[in-house]
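Enquirer: upload26.cif is reproduced in full below (mmCIF, N, CA and C atoms).
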data_work
#
loop_
_atom_site.label_atom_id
_atom_site.label_comp_id
_atom_site.auth_asym_id
_atom_site.auth_seq_id
_atom_site.Cartn_x
_atom_site.Cartn_y
_atom_site.Cartn_z
N MET A 29 13.94 26.71 10.34
CA MET A 29 14.69 25.48 10.32
C MET A 29 13.75 24.35 9.88
N ALA A 30 14.24 23.47 9.04
CA ALA A 30 13.44 22.37 8.52
C ALA A 30 13.16 21.34 9.60
N LYS A 31 11.99 20.78 9.52
CA LYS A 31 11.59 19.74 10.46
C LYS A 31 12.22 18.41 10.02
N CYS A 32 12.86 17.73 10.93
CA CYS A 32 13.54 16.48 10.63
C CYS A 32 12.54 15.32 10.65
N PHE A 33 12.58 14.48 9.64
CA PHE A 33 11.70 13.32 9.57
C PHE A 33 12.46 12.11 10.08
N ASN A 34 11.92 11.44 11.08
CA ASN A 34 12.56 10.27 11.66
C ASN A 34 11.71 9.04 11.37
N PHE A 35 12.00 8.37 10.26
CA PHE A 35 11.22 7.23 9.82
C PHE A 35 11.26 6.10 10.85
N ALA A 36 12.42 5.83 11.41
CA ALA A 36 12.58 4.70 12.34
C ALA A 36 11.66 4.84 13.55
N SER A 37 11.44 6.03 14.03
CA SER A 37 10.57 6.19 15.20
C SER A 37 9.09 6.16 14.83
N LYS A 38 8.76 6.49 13.58
CA LYS A 38 7.36 6.51 13.16
C LYS A 38 6.89 5.17 12.60
N ALA A 39 7.78 4.42 11.97
CA ALA A 39 7.40 3.17 11.31
C ALA A 39 7.28 2.05 12.32
N ASP A 40 6.17 2.04 13.02
CA ASP A 40 5.98 1.07 14.10
C ASP A 40 4.92 0.02 13.79
N LYS A 41 4.44 -0.01 12.55
CA LYS A 41 3.42 -0.98 12.15
C LYS A 41 3.99 -1.89 11.08
N ARG A 42 3.64 -3.17 11.16
CA ARG A 42 4.09 -4.15 10.17
C ARG A 42 2.95 -4.42 9.20
N ILE A 43 3.19 -4.21 7.92
CA ILE A 43 2.18 -4.51 6.91
C ILE A 43 2.67 -5.67 6.05
N GLU A 44 1.72 -6.39 5.49
CA GLU A 44 2.03 -7.47 4.56
C GLU A 44 1.47 -7.10 3.21
N VAL A 45 2.26 -7.32 2.16
CA VAL A 45 1.83 -7.02 0.81
C VAL A 45 1.68 -8.35 0.06
N PHE A 46 0.55 -8.52 -0.61
CA PHE A 46 0.25 -9.74 -1.35
C PHE A 46 0.12 -9.43 -2.83
N THR A 47 0.58 -10.38 -3.64
CA THR A 47 0.45 -10.26 -5.10
C THR A 47 -0.55 -11.30 -5.59
N LEU A 48 -1.19 -10.97 -6.69
CA LEU A 48 -2.14 -11.88 -7.31
C LEU A 48 -1.37 -12.92 -8.12
N ASN A 49 -1.68 -14.18 -7.89
CA ASN A 49 -1.01 -15.28 -8.58
C ASN A 49 -2.05 -16.04 -9.39
N GLU A 50 -1.81 -16.20 -10.69
CA GLU A 50 -2.72 -16.95 -11.55
C GLU A 50 -2.02 -18.22 -12.01
N VAL A 51 -2.72 -19.35 -11.85
CA VAL A 51 -2.17 -20.65 -12.23
C VAL A 51 -3.19 -21.32 -13.15
N ALA A 52 -2.71 -21.87 -14.26
CA ALA A 52 -3.60 -22.57 -15.19
C ALA A 52 -4.27 -23.73 -14.47
N ASP A 53 -5.58 -23.87 -14.67
CA ASP A 53 -6.33 -24.91 -13.97
C ASP A 53 -6.44 -26.21 -14.78
N GLY A 54 -5.86 -26.26 -15.97
CA GLY A 54 -5.87 -27.48 -16.78
C GLY A 54 -7.06 -27.58 -17.70
N SER A 55 -8.04 -26.72 -17.55
CA SER A 55 -9.21 -26.79 -18.43
C SER A 55 -9.41 -25.47 -19.18
N GLY A 56 -8.32 -24.76 -19.40
CA GLY A 56 -8.39 -23.53 -20.18
C GLY A 56 -8.60 -22.27 -19.37
N GLY A 57 -8.79 -22.40 -18.08
CA GLY A 57 -8.99 -21.23 -17.23
C GLY A 57 -7.84 -21.04 -16.27
N PHE A 58 -8.06 -20.16 -15.31
CA PHE A 58 -7.04 -19.88 -14.31
C PHE A 58 -7.63 -19.92 -12.91
N ASP A 59 -6.84 -20.44 -11.98
CA ASP A 59 -7.16 -20.30 -10.57
C ASP A 59 -6.34 -19.13 -10.05
N THR A 60 -6.97 -18.26 -9.30
CA THR A 60 -6.25 -17.11 -8.77
C THR A 60 -6.23 -17.15 -7.25
N ASN A 61 -5.11 -16.72 -6.70
CA ASN A 61 -4.98 -16.58 -5.26
C ASN A 61 -3.94 -15.51 -4.98
N TYR A 62 -3.86 -15.10 -3.74
CA TYR A 62 -2.88 -14.10 -3.34
C TYR A 62 -1.73 -14.76 -2.60
N VAL A 63 -0.51 -14.32 -2.92
CA VAL A 63 0.70 -14.86 -2.33
C VAL A 63 1.46 -13.73 -1.65
N LEU A 64 2.00 -14.00 -0.47
CA LEU A 64 2.74 -12.98 0.26
C LEU A 64 3.95 -12.54 -0.56
N GLN A 65 4.03 -11.23 -0.84
CA GLN A 65 5.15 -10.66 -1.57
C GLN A 65 6.23 -10.21 -0.60
N GLY A 66 5.80 -9.70 0.55
CA GLY A 66 6.76 -9.24 1.54
C GLY A 66 6.07 -8.60 2.73
N SER A 67 6.85 -8.40 3.78
CA SER A 67 6.37 -7.77 5.01
C SER A 67 7.27 -6.56 5.27
N TYR A 68 6.68 -5.41 5.58
CA TYR A 68 7.43 -4.16 5.66
C TYR A 68 7.04 -3.36 6.89
N TRP A 69 8.02 -2.64 7.44
CA TRP A 69 7.74 -1.68 8.49
C TRP A 69 7.17 -0.44 7.83
N SER A 70 6.13 0.10 8.42
CA SER A 70 5.44 1.23 7.81
C SER A 70 4.87 2.13 8.89
N TYR A 71 4.63 3.35 8.51
CA TYR A 71 3.75 4.15 9.34
C TYR A 71 2.55 4.49 8.48
N ILE A 72 1.42 4.58 9.14
CA ILE A 72 0.14 4.68 8.46
C ILE A 72 -0.53 5.98 8.83
N GLU A 73 -0.99 6.68 7.82
CA GLU A 73 -1.73 7.93 8.03
C GLU A 73 -3.10 7.80 7.40
N PRO A 74 -4.16 7.87 8.21
CA PRO A 74 -5.48 8.00 7.58
C PRO A 74 -5.52 9.37 6.89
N LEU A 75 -6.07 9.43 5.72
CA LEU A 75 -6.13 10.70 5.01
C LEU A 75 -7.15 11.62 5.66
N SER A 76 -6.92 12.90 5.53
CA SER A 76 -7.86 13.87 6.06
C SER A 76 -9.14 13.83 5.23
N SER A 77 -10.21 14.36 5.77
CA SER A 77 -11.47 14.36 5.03
C SER A 77 -11.35 15.13 3.72
N PHE A 78 -10.51 16.19 3.72
CA PHE A 78 -10.31 16.95 2.48
C PHE A 78 -9.59 16.10 1.44
N GLU A 79 -8.56 15.33 1.85
CA GLU A 79 -7.84 14.48 0.91
C GLU A 79 -8.74 13.37 0.36
N VAL A 80 -9.62 12.82 1.21
CA VAL A 80 -10.57 11.80 0.76
C VAL A 80 -11.52 12.44 -0.26
N PHE A 81 -12.01 13.65 0.04
CA PHE A 81 -12.90 14.37 -0.88
C PHE A 81 -12.21 14.60 -2.22
N GLN A 82 -10.95 15.03 -2.18
CA GLN A 82 -10.20 15.26 -3.41
C GLN A 82 -10.09 13.98 -4.24
N SER A 83 -9.78 12.87 -3.58
CA SER A 83 -9.62 11.61 -4.32
C SER A 83 -10.96 11.16 -4.92
N GLU A 84 -12.06 11.42 -4.23
CA GLU A 84 -13.37 11.06 -4.77
C GLU A 84 -13.70 11.89 -6.00
N GLN A 85 -13.26 13.14 -6.03
CA GLN A 85 -13.49 13.98 -7.20
C GLN A 85 -12.76 13.45 -8.42
N LEU A 86 -11.66 12.74 -8.18
CA LEU A 86 -10.89 12.14 -9.27
C LEU A 86 -11.32 10.71 -9.55
N LYS A 87 -12.46 10.31 -8.98
CA LYS A 87 -13.03 8.97 -9.16
C LYS A 87 -12.12 7.87 -8.64
N SER A 88 -11.40 8.16 -7.57
CA SER A 88 -10.50 7.19 -6.96
C SER A 88 -10.55 7.40 -5.46
N LYS A 89 -11.36 6.63 -4.78
CA LYS A 89 -11.50 6.82 -3.34
C LYS A 89 -10.30 6.22 -2.62
N VAL A 90 -9.53 7.07 -1.98
CA VAL A 90 -8.35 6.66 -1.24
C VAL A 90 -8.61 6.98 0.23
N THR A 91 -8.30 6.03 1.13
CA THR A 91 -8.60 6.24 2.54
C THR A 91 -7.37 6.33 3.43
N ASP A 92 -6.26 5.69 3.03
CA ASP A 92 -5.09 5.63 3.89
C ASP A 92 -3.81 5.78 3.08
N LYS A 93 -2.74 6.20 3.79
CA LYS A 93 -1.42 6.30 3.18
C LYS A 93 -0.46 5.50 4.04
N PHE A 94 0.28 4.58 3.39
CA PHE A 94 1.29 3.77 4.05
C PHE A 94 2.65 4.25 3.56
N VAL A 95 3.56 4.56 4.47
CA VAL A 95 4.89 5.01 4.07
C VAL A 95 5.89 3.93 4.48
N ILE A 96 6.67 3.48 3.47
CA ILE A 96 7.69 2.45 3.69
C ILE A 96 9.01 2.96 3.14
N ARG A 97 10.09 2.26 3.46
CA ARG A 97 11.37 2.56 2.82
C ARG A 97 11.26 2.17 1.35
N TYR A 98 12.02 2.85 0.50
CA TYR A 98 11.95 2.60 -0.94
C TYR A 98 12.20 1.13 -1.25
N ASN A 99 11.37 0.59 -2.14
CA ASN A 99 11.50 -0.79 -2.59
C ASN A 99 11.26 -0.79 -4.10
N ALA A 100 12.24 -1.24 -4.87
CA ALA A 100 12.13 -1.23 -6.33
C ALA A 100 10.96 -2.06 -6.84
N ASP A 101 10.47 -3.03 -6.04
CA ASP A 101 9.33 -3.84 -6.46
C ASP A 101 8.06 -3.01 -6.63
N PHE A 102 8.02 -1.83 -6.04
CA PHE A 102 6.83 -0.99 -6.10
C PHE A 102 6.97 0.18 -7.07
N LYS A 103 8.02 0.21 -7.88
CA LYS A 103 8.25 1.38 -8.74
C LYS A 103 7.29 1.44 -9.92
N ASN A 104 6.77 0.32 -10.37
CA ASN A 104 5.81 0.30 -11.48
C ASN A 104 4.39 0.31 -10.91
N THR A 105 3.76 1.47 -10.95
CA THR A 105 2.44 1.61 -10.34
C THR A 105 1.40 0.71 -11.00
N ARG A 106 1.53 0.47 -12.30
CA ARG A 106 0.56 -0.38 -12.98
C ARG A 106 0.57 -1.80 -12.42
N VAL A 107 1.76 -2.31 -12.11
CA VAL A 107 1.87 -3.64 -11.51
C VAL A 107 1.47 -3.59 -10.04
N THR A 108 1.95 -2.59 -9.34
CA THR A 108 1.67 -2.47 -7.91
C THR A 108 0.18 -2.31 -7.63
N ALA A 109 -0.57 -1.76 -8.57
CA ALA A 109 -2.01 -1.58 -8.38
C ALA A 109 -2.76 -2.91 -8.29
N THR A 110 -2.11 -4.01 -8.64
CA THR A 110 -2.74 -5.32 -8.50
C THR A 110 -2.45 -5.94 -7.13
N TYR A 111 -1.58 -5.31 -6.35
CA TYR A 111 -1.22 -5.82 -5.02
C TYR A 111 -2.26 -5.38 -4.00
N ILE A 112 -2.30 -6.09 -2.89
CA ILE A 112 -3.12 -5.66 -1.76
C ILE A 112 -2.26 -5.64 -0.50
N ILE A 113 -2.67 -4.81 0.43
CA ILE A 113 -2.00 -4.70 1.72
C ILE A 113 -2.90 -5.27 2.78
N LYS A 114 -2.31 -6.04 3.70
CA LYS A 114 -3.04 -6.53 4.87
C LYS A 114 -2.42 -5.89 6.10
N PHE A 115 -3.26 -5.24 6.88
CA PHE A 115 -2.81 -4.65 8.13
C PHE A 115 -3.94 -4.79 9.14
N ASP A 116 -3.62 -5.38 10.29
CA ASP A 116 -4.58 -5.49 11.38
C ASP A 116 -5.88 -6.16 10.93
N ASP A 117 -5.75 -7.25 10.16
CA ASP A 117 -6.89 -8.01 9.62
C ASP A 117 -7.81 -7.17 8.75
N ARG A 118 -7.28 -6.10 8.16
CA ARG A 118 -8.01 -5.30 7.19
C ARG A 118 -7.21 -5.33 5.89
N TYR A 119 -7.92 -5.23 4.78
CA TYR A 119 -7.30 -5.33 3.47
C TYR A 119 -7.47 -4.02 2.70
N TYR A 120 -6.43 -3.66 1.95
CA TYR A 120 -6.43 -2.40 1.21
C TYR A 120 -5.98 -2.66 -0.22
N ASP A 121 -6.68 -2.07 -1.18
CA ASP A 121 -6.25 -2.09 -2.57
C ASP A 121 -5.32 -0.91 -2.80
N ILE A 122 -4.18 -1.17 -3.40
CA ILE A 122 -3.22 -0.10 -3.69
C ILE A 122 -3.70 0.68 -4.91
N LYS A 123 -3.74 2.01 -4.77
CA LYS A 123 -4.18 2.87 -5.86
C LYS A 123 -3.03 3.65 -6.49
N GLY A 124 -1.95 3.87 -5.76
CA GLY A 124 -0.84 4.62 -6.30
C GLY A 124 0.35 4.61 -5.37
N VAL A 125 1.53 4.84 -5.94
CA VAL A 125 2.77 4.87 -5.17
C VAL A 125 3.54 6.12 -5.59
N LYS A 126 4.03 6.86 -4.62
CA LYS A 126 4.86 8.03 -4.90
C LYS A 126 6.21 7.84 -4.25
N ASN A 127 7.27 7.96 -5.05
CA ASN A 127 8.63 7.85 -4.54
C ASN A 127 9.04 9.18 -3.94
N LEU A 128 9.59 9.15 -2.73
CA LEU A 128 9.91 10.37 -2.01
C LEU A 128 11.37 10.43 -1.59
N ALA A 129 11.88 11.64 -1.52
CA ALA A 129 13.23 11.87 -1.00
C ALA A 129 13.18 11.89 0.52
N ASP A 130 14.33 12.08 1.15
CA ASP A 130 14.38 12.04 2.61
C ASP A 130 13.62 13.18 3.29
N ASP A 131 13.27 14.23 2.55
CA ASP A 131 12.48 15.31 3.16
C ASP A 131 10.98 15.02 3.10
N MET A 132 10.59 13.91 2.49
CA MET A 132 9.20 13.45 2.37
C MET A 132 8.34 14.36 1.49
N LYS A 133 8.97 15.26 0.74
CA LYS A 133 8.20 16.16 -0.13
C LYS A 133 8.60 16.04 -1.59
N ALA A 134 9.90 16.01 -1.86
CA ALA A 134 10.39 15.95 -3.24
C ALA A 134 10.44 14.50 -3.72
N GLU A 135 10.43 14.33 -5.04
CA GLU A 135 10.60 13.00 -5.63
C GLU A 135 11.98 12.47 -5.28
N GLY A 136 12.07 11.17 -5.01
CA GLY A 136 13.36 10.59 -4.68
C GLY A 136 13.26 9.09 -4.51
N TYR A 137 14.31 8.51 -3.96
CA TYR A 137 14.38 7.06 -3.80
C TYR A 137 14.77 6.67 -2.39
N VAL A 138 14.13 7.29 -1.41
CA VAL A 138 14.38 6.98 -0.01
C VAL A 138 13.15 6.32 0.62
N TYR A 139 11.98 6.88 0.35
CA TYR A 139 10.72 6.36 0.90
C TYR A 139 9.69 6.23 -0.22
N GLN A 140 8.63 5.50 0.07
CA GLN A 140 7.51 5.41 -0.85
C GLN A 140 6.22 5.61 -0.06
N ALA A 141 5.37 6.47 -0.57
CA ALA A 141 4.04 6.69 0.01
C ALA A 141 3.05 5.91 -0.85
N ILE A 142 2.41 4.93 -0.24
CA ILE A 142 1.46 4.07 -0.95
C ILE A 142 0.06 4.51 -0.54
N LYS A 143 -0.72 4.98 -1.52
CA LYS A 143 -2.10 5.38 -1.23
C LYS A 143 -2.99 4.20 -1.55
N ALA A 144 -3.92 3.93 -0.63
CA ALA A 144 -4.75 2.73 -0.76
C ALA A 144 -6.16 2.99 -0.24
N VAL A 145 -7.07 2.12 -0.65
CA VAL A 145 -8.45 2.19 -0.21
C VAL A 145 -8.79 0.88 0.49
N GLU A 146 -9.46 1.00 1.64
CA GLU A 146 -9.86 -0.21 2.35
C GLU A 146 -10.90 -0.95 1.53
N ASN A 147 -10.73 -2.27 1.44
CA ASN A 147 -11.60 -3.09 0.59
C ASN A 147 -12.24 -4.17 1.43
N ASP A 148 -13.52 -4.02 1.70
CA ASP A 148 -14.19 -5.00 2.55
C ASP A 148 -14.61 -6.25 1.79
N SER A 149 -14.45 -6.30 0.47
CA SER A 149 -14.83 -7.50 -0.27
C SER A 149 -13.85 -8.64 -0.04
N LEU A 150 -12.68 -8.36 0.54
CA LEU A 150 -11.68 -9.40 0.78
C LEU A 150 -11.73 -9.96 2.19
N TYR A 151 -12.61 -9.42 3.06
CA TYR A 151 -12.66 -9.90 4.44
C TYR A 151 -12.96 -11.39 4.49
N GLY A 152 -12.24 -12.07 5.34
CA GLY A 152 -12.49 -13.49 5.54
C GLY A 152 -11.78 -14.38 4.54
N ARG A 153 -11.18 -13.85 3.52
CA ARG A 153 -10.50 -14.66 2.52
C ARG A 153 -9.10 -15.01 3.03
N ASP A 154 -8.72 -16.26 2.93
CA ASP A 154 -7.39 -16.68 3.32
C ASP A 154 -6.45 -16.40 2.16
N LEU A 155 -5.61 -15.40 2.33
CA LEU A 155 -4.79 -14.93 1.22
C LEU A 155 -3.60 -15.83 0.93
N THR A 156 -3.26 -16.75 1.80
CA THR A 156 -2.07 -17.56 1.58
C THR A 156 -2.36 -18.84 0.82
N LEU A 157 -3.61 -19.10 0.49
CA LEU A 157 -3.94 -20.33 -0.25
C LEU A 157 -3.59 -20.23 -1.70
#
Take the structure in this file and express it as structure tokens.

Expert:
Amino acid sequence: MAKCFNFASKADKRIEVFTLNEVADGSGGFDTNYVLQGSYWSYIEPLSSFEVFQSEQLKSKVTDKFVIRYNADFKNTRVTATYIIKFDDRYYDIKGVKNLADDMKAEGYVYQAIKAVENDSLYGRDLTL
């Protein structure tokens, strides 16, 4: 018998997703800052050491997986890769998004698994400015 996935009972963490905003500074350059894109219920899985090892072999160090309900804003991985996640005063760079069906294995439009790497270069930065 298949194991039933209960997202509502697992998604007990609130994450915030920020987008990069560039504004012309008037002298030919740009000022950049991060703006809140949205806040989502998620469940978070630290990747196993084997999964981290696999990602390093592909030259993409991934440390955590965030699972949220499907959101069309995240369907374009090239755009989503510029977003960052804030959770528990830690920041993560998004490396990839996989759309999942309700069984959490097949491709679909029910959930999204966001793979990300913790980024300590953003610590202390006020993202809402």

Enquirer: Take CA of Lys123 (chain A) and CA of Gly136 (chain A) and report the distance between them in Å, one decimal.

Expert: 19.2 Å

Enquirer: With distances taken over all atoms listed in the file, which of A:Lys114, A:Asp101, A:Asp92, A:Val107 is nearest to Lys143 (chain A)?

Expert: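 Closest residue, counting all atoms listed in the file: A:Asp92.
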
Enquirer: Kindly resolve the PyMOL selection byres (((chain A and resi 140 and name CA) around 12) and name CA) on the present coordinates and return the residues as a PyMOL selection string.

Expert: chain A and resi 35+68-72+93-105+124-139+141-143

Enquirer: Select, from A:Ala109, A:Val63, A:Val90, A:Ile122, the residue with the minimum atom-to-atom distance to Leu48 (chain A), counting only N, CA and C atoms.

Expert: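 Among the listed residues, the smallest separation from Leu48 (chain A) belongs to A:Val63.
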
Enquirer: Given the file shown, determine the residues that the PyMOL selection byres (((chain A and resi 118 and name CA) around 8) and name CA) selects; report them as a PyMOL selection string.

Expert: chain A and resi 114-117+119-120+146-148+151

Enquirer: Could you check how far CA of Val45 (chain A) sits from CA of Ile113 (chain A), in Å to one decimal?

Expert: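 Distance between the two atoms: 4.6 Å.
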
Enquirer: Kindly give the distance, in Å, that separates CA of Tyr62 (chain A) and CA of Thr47 (chain A), rounded to a single decimal.

Expert: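 Going from CA of Tyr62 (chain A) over to CA of Thr47 (chain A) covers 5.4 Å.
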